[in-house]
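S.K.: Sharing a structure below in structure tokens format, with a few things to ask.
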Amino acid sequence: MLKRTSLYEAHKKLGGKLIEFGGWEMPVQYTSITDEHLAVRNAAGIFDISHMGEVTVSGAGATDYLNRTLTNDIRKLTPGLGQYTLMCNERGGVIDDLYAYRLSGDVYLLIINASRIDDDIAWLHAQAGFTGRTEVSVSNASHNYDAVAVQGPRVKEFIDGCIPGASTSALRVGKVTDLKKNEIGGFPFAGASVLVSRTGYTGEDGFEIIGREDSIAKVWDALLEAGRPFGIKPCGLGARDTLRTEVCYPLYGHELDERTTPIEAGLGFFVALDKGEFNGRAVLAQQKVSGTAKKCVAFKMTDKSAPPRPHYPIWVNGAAVGEVVSGTQSPSLNNGIGMGYVPTEFAKAGTAIEIEIRGRRSSAVVVQKPIYRRP
């Protein structure tokens with residue numbers, strides 16, 4: 001039985017085409033992926049992200065525990081600030097990538113991938129004794145929260161009217177749009193409260209709002225109503241994927257898995273080797289010094305072809321050398337694009353490659369990340 005978010009009926013009413021994703025019944029699109037994608041790039045789009053997981057970590061040992069469990073330096077977070085980070089096994093393979101927010105002195109909120117909730121919780125609980133301290137509480141709070149993301153250049157013009165007033169927890173600001181990138185605040189809303197962060201998965205400015213089911217249903221309706229004059233559209237998983245691929249944001253199970261390290265994935269910026277010991281550090285430190293055998297690259301098609309898709313072979317000089325992990329037709333660029341793993345010697349921008357699409361090899365070129373940059 002697939003799980004449903006509190007917005008399931010809203011998706012049906014809006015004509016959403018529902019599919020299975022990570023054990024959830026979620027909208028892949030409402031009108032078309034291209035229309036929804038371009039709405040986010042040019043105006044505004046709203047996504048149901050209630051399938052994502054939430055974990056609270058608290059207690060006097062929470063900071064030390066998270067710093068030894070995650071790759072980024074959690075000590076850099078002051079209350080109301082978040083960071084992108086990864087959770088690795090002892091071999092440096094990625095268990096999950098996530099966002100970590102510090103809500104107050106000893107209280108953190110982790111936003112994790114829907115498909116990894118059970119694995120992550122099991123791993124986090126197993127690591128609770130990693131520091132040798134007992135003053136840590138790790139709780140799966142996913143059942144307590146739903147969430148939406150509202151993304152696009154015009155969102156800042158109407159969100160303050162939907163969630164009016166100053167924050168009362170986490171970062172204290174006068175209004176939602178006073179939040180800067182990666183900041184989070186708790187705001188009163190409809191007799192309850194919601195957490196609002198200035199984050200997203202699209203490459204555009206925007207906000208993610210977390211709250212109880214009834215609050216998020218009201219937030220969804222309020223944002224759609226207020227955003228109508230600004231061109232807002234409800235958006236599904238299809239547009240979320242094309243948007244993130246254009247800006248080369250990784251998706252777990254594609255660019256990342258337990259056999260792939262953050263260094264191989266090109267995410268070394270989020271690995272704080274200077275902070276002390278943490279899971280996978282020895283392997284990641286060695287890779288930073290010695291390099292890796294494979295590397296995740298971005299590419300554009302230079303031949304007319306069907307869109308590249310995951311698992312399509314990558315060829316160089318007449319030999320199959322790698323595999324596409326994400327691929328699509330870019331609505332912004334009207335061109336086939338993707339990401340894939342190749343031997344490091346073929347990872348330089350400008351390298352000519354071929355993608356095998358339906359048994360035929362089509363020309364492509366390795367490009368710098370991100371593939372799409374705002375003009």
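Each chain in the structure tokens gets a letter, A, B, ..., in the order shown, and its residues are numbered from 1; ligands are numbered from 1 in order too.
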Write out as a PyMOL selection string all residues of region 22-223 of chain A that backbone DSSP assigns to strand (DSSP E).
M.R.: chain A and resi 24-29+44-48+53-58+81-88+94-104+107-112+137-140+146-151+169-170+184-189+192-197+206-211
S.K.: Suppose we keep C-alpha atoms; can you now write the selection as a PDB file, in the first residue's frame?
M.R.:
```pdb
ATOM      1  CA  TRP A  24       4.650   7.274  -1.854  1.00  0.00           C
ATOM      2  CA  GLU A  25       1.893   8.126  -4.306  1.00  0.00           C
ATOM      3  CA  MET A  26       3.060  11.484  -5.657  1.00  0.00           C
ATOM      4  CA  PRO A  27       2.248  13.759  -8.624  1.00  0.00           C
ATOM      5  CA  VAL A  28       4.735  13.497 -11.497  1.00  0.00           C
ATOM      6  CA  GLN A  29       3.049  16.383 -13.347  1.00  0.00           C
ATOM      7  CA  ALA A  44       7.011  30.444  -9.345  1.00  0.00           C
ATOM      8  CA  GLY A  45       6.155  26.828  -8.709  1.00  0.00           C
ATOM      9  CA  ILE A  46       4.962  24.908  -5.660  1.00  0.00           C
ATOM     10  CA  PHE A  47       5.883  21.299  -4.842  1.00  0.00           C
ATOM     11  CA  ASP A  48       4.600  18.808  -2.296  1.00  0.00           C
ATOM     12  CA  GLY A  53      11.936  12.535   6.159  1.00  0.00           C
ATOM     13  CA  GLU A  54      12.551  14.600   9.290  1.00  0.00           C
ATOM     14  CA  VAL A  55      14.841  13.580  12.145  1.00  0.00           C
ATOM     15  CA  THR A  56      15.374  15.519  15.367  1.00  0.00           C
ATOM     16  CA  VAL A  57      18.692  15.203  17.187  1.00  0.00           C
ATOM     17  CA  SER A  58      18.996  16.816  20.603  1.00  0.00           C
ATOM     18  CA  LEU A  81      21.322  28.235  10.133  1.00  0.00           C
ATOM     19  CA  GLY A  82      21.476  25.097   7.977  1.00  0.00           C
ATOM     20  CA  GLN A  83      23.994  23.320   5.761  1.00  0.00           C
ATOM     21  CA  TYR A  84      24.081  20.649   3.090  1.00  0.00           C
ATOM     22  CA  THR A  85      25.974  17.595   4.309  1.00  0.00           C
ATOM     23  CA  LEU A  86      26.383  13.853   3.747  1.00  0.00           C
ATOM     24  CA  MET A  87      26.311  10.752   5.890  1.00  0.00           C
ATOM     25  CA  CYS A  88      28.951   8.160   4.978  1.00  0.00           C
ATOM     26  CA  VAL A  94      27.215   7.773   0.893  1.00  0.00           C
ATOM     27  CA  ILE A  95      24.362   6.504   3.049  1.00  0.00           C
ATOM     28  CA  ASP A  96      22.404   9.686   2.339  1.00  0.00           C
ATOM     29  CA  ASP A  97      22.756  13.367   1.526  1.00  0.00           C
ATOM     30  CA  LEU A  98      20.711  15.734   3.641  1.00  0.00           C
ATOM     31  CA  TYR A  99      20.174  19.190   5.103  1.00  0.00           C
ATOM     32  CA  ALA A 100      21.006  19.794   8.764  1.00  0.00           C
ATOM     33  CA  TYR A 101      19.531  22.790  10.614  1.00  0.00           C
ATOM     34  CA  ARG A 102      20.384  24.019  14.082  1.00  0.00           C
ATOM     35  CA  LEU A 103      17.103  25.124  15.635  1.00  0.00           C
ATOM     36  CA  SER A 104      18.545  26.065  19.043  1.00  0.00           C
ATOM     37  CA  VAL A 107      18.469  20.859  18.975  1.00  0.00           C
ATOM     38  CA  TYR A 108      18.983  19.950  15.306  1.00  0.00           C
ATOM     39  CA  LEU A 109      16.618  19.027  12.487  1.00  0.00           C
ATOM     40  CA  LEU A 110      17.768  16.753   9.641  1.00  0.00           C
ATOM     41  CA  ILE A 111      15.847  16.623   6.350  1.00  0.00           C
ATOM     42  CA  ILE A 112      16.528  13.268   4.681  1.00  0.00           C
ATOM     43  CA  SER A 137      18.383  11.696  21.507  1.00  0.00           C
ATOM     44  CA  VAL A 138      17.683  10.707  17.874  1.00  0.00           C
ATOM     45  CA  SER A 139      14.009  10.651  16.870  1.00  0.00           C
ATOM     46  CA  ASN A 140      12.271   9.899  13.584  1.00  0.00           C
ATOM     47  CA  ASP A 146       4.400  17.569   5.978  1.00  0.00           C
ATOM     48  CA  ALA A 147       6.185  20.087   3.790  1.00  0.00           C
ATOM     49  CA  VAL A 148       5.977  22.156   0.620  1.00  0.00           C
ATOM     50  CA  ALA A 149       8.584  23.962  -1.452  1.00  0.00           C
ATOM     51  CA  VAL A 150       7.771  27.191  -3.281  1.00  0.00           C
ATOM     52  CA  GLN A 151      10.468  28.092  -5.795  1.00  0.00           C
ATOM     53  CA  SER A 169      11.951  30.568  17.053  1.00  0.00           C
ATOM     54  CA  ALA A 170      15.219  29.505  15.400  1.00  0.00           C
ATOM     55  CA  ILE A 184      15.462  28.882   8.983  1.00  0.00           C
ATOM     56  CA  GLY A 185      12.886  30.450  11.272  1.00  0.00           C
ATOM     57  CA  GLY A 186       9.706  29.390  13.062  1.00  0.00           C
ATOM     58  CA  PHE A 187       6.714  31.562  12.144  1.00  0.00           C
ATOM     59  CA  PRO A 188       3.163  31.706  13.564  1.00  0.00           C
ATOM     60  CA  PHE A 189       0.638  30.566  10.967  1.00  0.00           C
ATOM     61  CA  ALA A 192      -0.072  27.083  14.832  1.00  0.00           C
ATOM     62  CA  SER A 193       3.531  27.468  13.663  1.00  0.00           C
ATOM     63  CA  VAL A 194       5.619  26.456  10.661  1.00  0.00           C
ATOM     64  CA  LEU A 195       9.342  26.274   9.997  1.00  0.00           C
ATOM     65  CA  VAL A 196      10.424  28.222   6.910  1.00  0.00           C
ATOM     66  CA  SER A 197      13.877  27.856   5.350  1.00  0.00           C
ATOM     67  CA  GLY A 206      12.739  29.936  -2.851  1.00  0.00           C
ATOM     68  CA  PHE A 207      11.544  28.564   0.448  1.00  0.00           C
ATOM     69  CA  GLU A 208      10.685  25.224   2.039  1.00  0.00           C
ATOM     70  CA  ILE A 209       7.938  25.154   4.676  1.00  0.00           C
ATOM     71  CA  ILE A 210       7.562  22.381   7.250  1.00  0.00           C
ATOM     72  CA  GLY A 211       4.589  21.936   9.586  1.00  0.00           C
TER      73      GLY A 211
END
```
S.K.: Might you pull out every residue within 7 Å of region 67-71 of chain A, with only C-alpha atoms counted and same-chain residues fewer than 2 positions away left off, and present them as a ChimeraX atom specification?
M.R.: /A:63-65,73-74,85-88,270-272,277-279
S.K.: Keeping only C-alpha atoms, take the residues you just selected and write them out as an mmCIF file, in the first residue's frame.
M.R.:
```cif
data_model
loop_
_atom_site.group_PDB
_atom_site.id
_atom_site.type_symbol
_atom_site.label_atom_id
_atom_site.label_comp_id
_atom_site.auth_asym_id
_atom_site.auth_seq_id
_atom_site.Cartn_x
_atom_site.Cartn_y
_atom_site.Cartn_z
ATOM 1 C CA THR A 63 26.843 18.558 18.254
ATOM 2 C CA ASP A 64 29.699 16.118 18.850
ATOM 3 C CA TYR A 65 27.562 13.196 17.677
ATOM 4 C CA ASP A 73 31.307 20.830 10.107
ATOM 5 C CA ILE A 74 28.147 21.130 12.200
ATOM 6 C CA THR A 85 25.974 17.595 4.309
ATOM 7 C CA LEU A 86 26.383 13.853 3.747
ATOM 8 C CA MET A 87 26.311 10.752 5.890
ATOM 9 C CA CYS A 88 28.951 8.160 4.978
ATOM 10 C CA PHE A 270 30.898 19.592 1.819
ATOM 11 C CA VAL A 271 33.548 17.351 3.397
ATOM 12 C CA ALA A 272 35.349 19.085 6.295
ATOM 13 C CA GLU A 277 37.470 12.267 13.010
ATOM 14 C CA PHE A 278 34.195 11.305 11.311
ATOM 15 C CA ASN A 279 32.792 8.291 9.483
#
```
S.K.: Determine, counting only C-alpha atoms, which protein, DNA and RNA residues have an atom within 12 Å of an atom of Ala222 (chain A); residues of the same chain fewer than 2 positions away are not included. Present the result as a ChimeraX atom specification.
M.R.: /A:46,148,150,158-164,189-190,215-220,224-228,232
S.K.: From a DSSP pass on the backbone, collect the residues of region 93-234 of chain A flagged as helix (DSSP H, G or I) and hand them back as a PyMOL selection string.
M.R.: chain A and resi 114-127+142-144+155-157+159-162+176-178+213-230
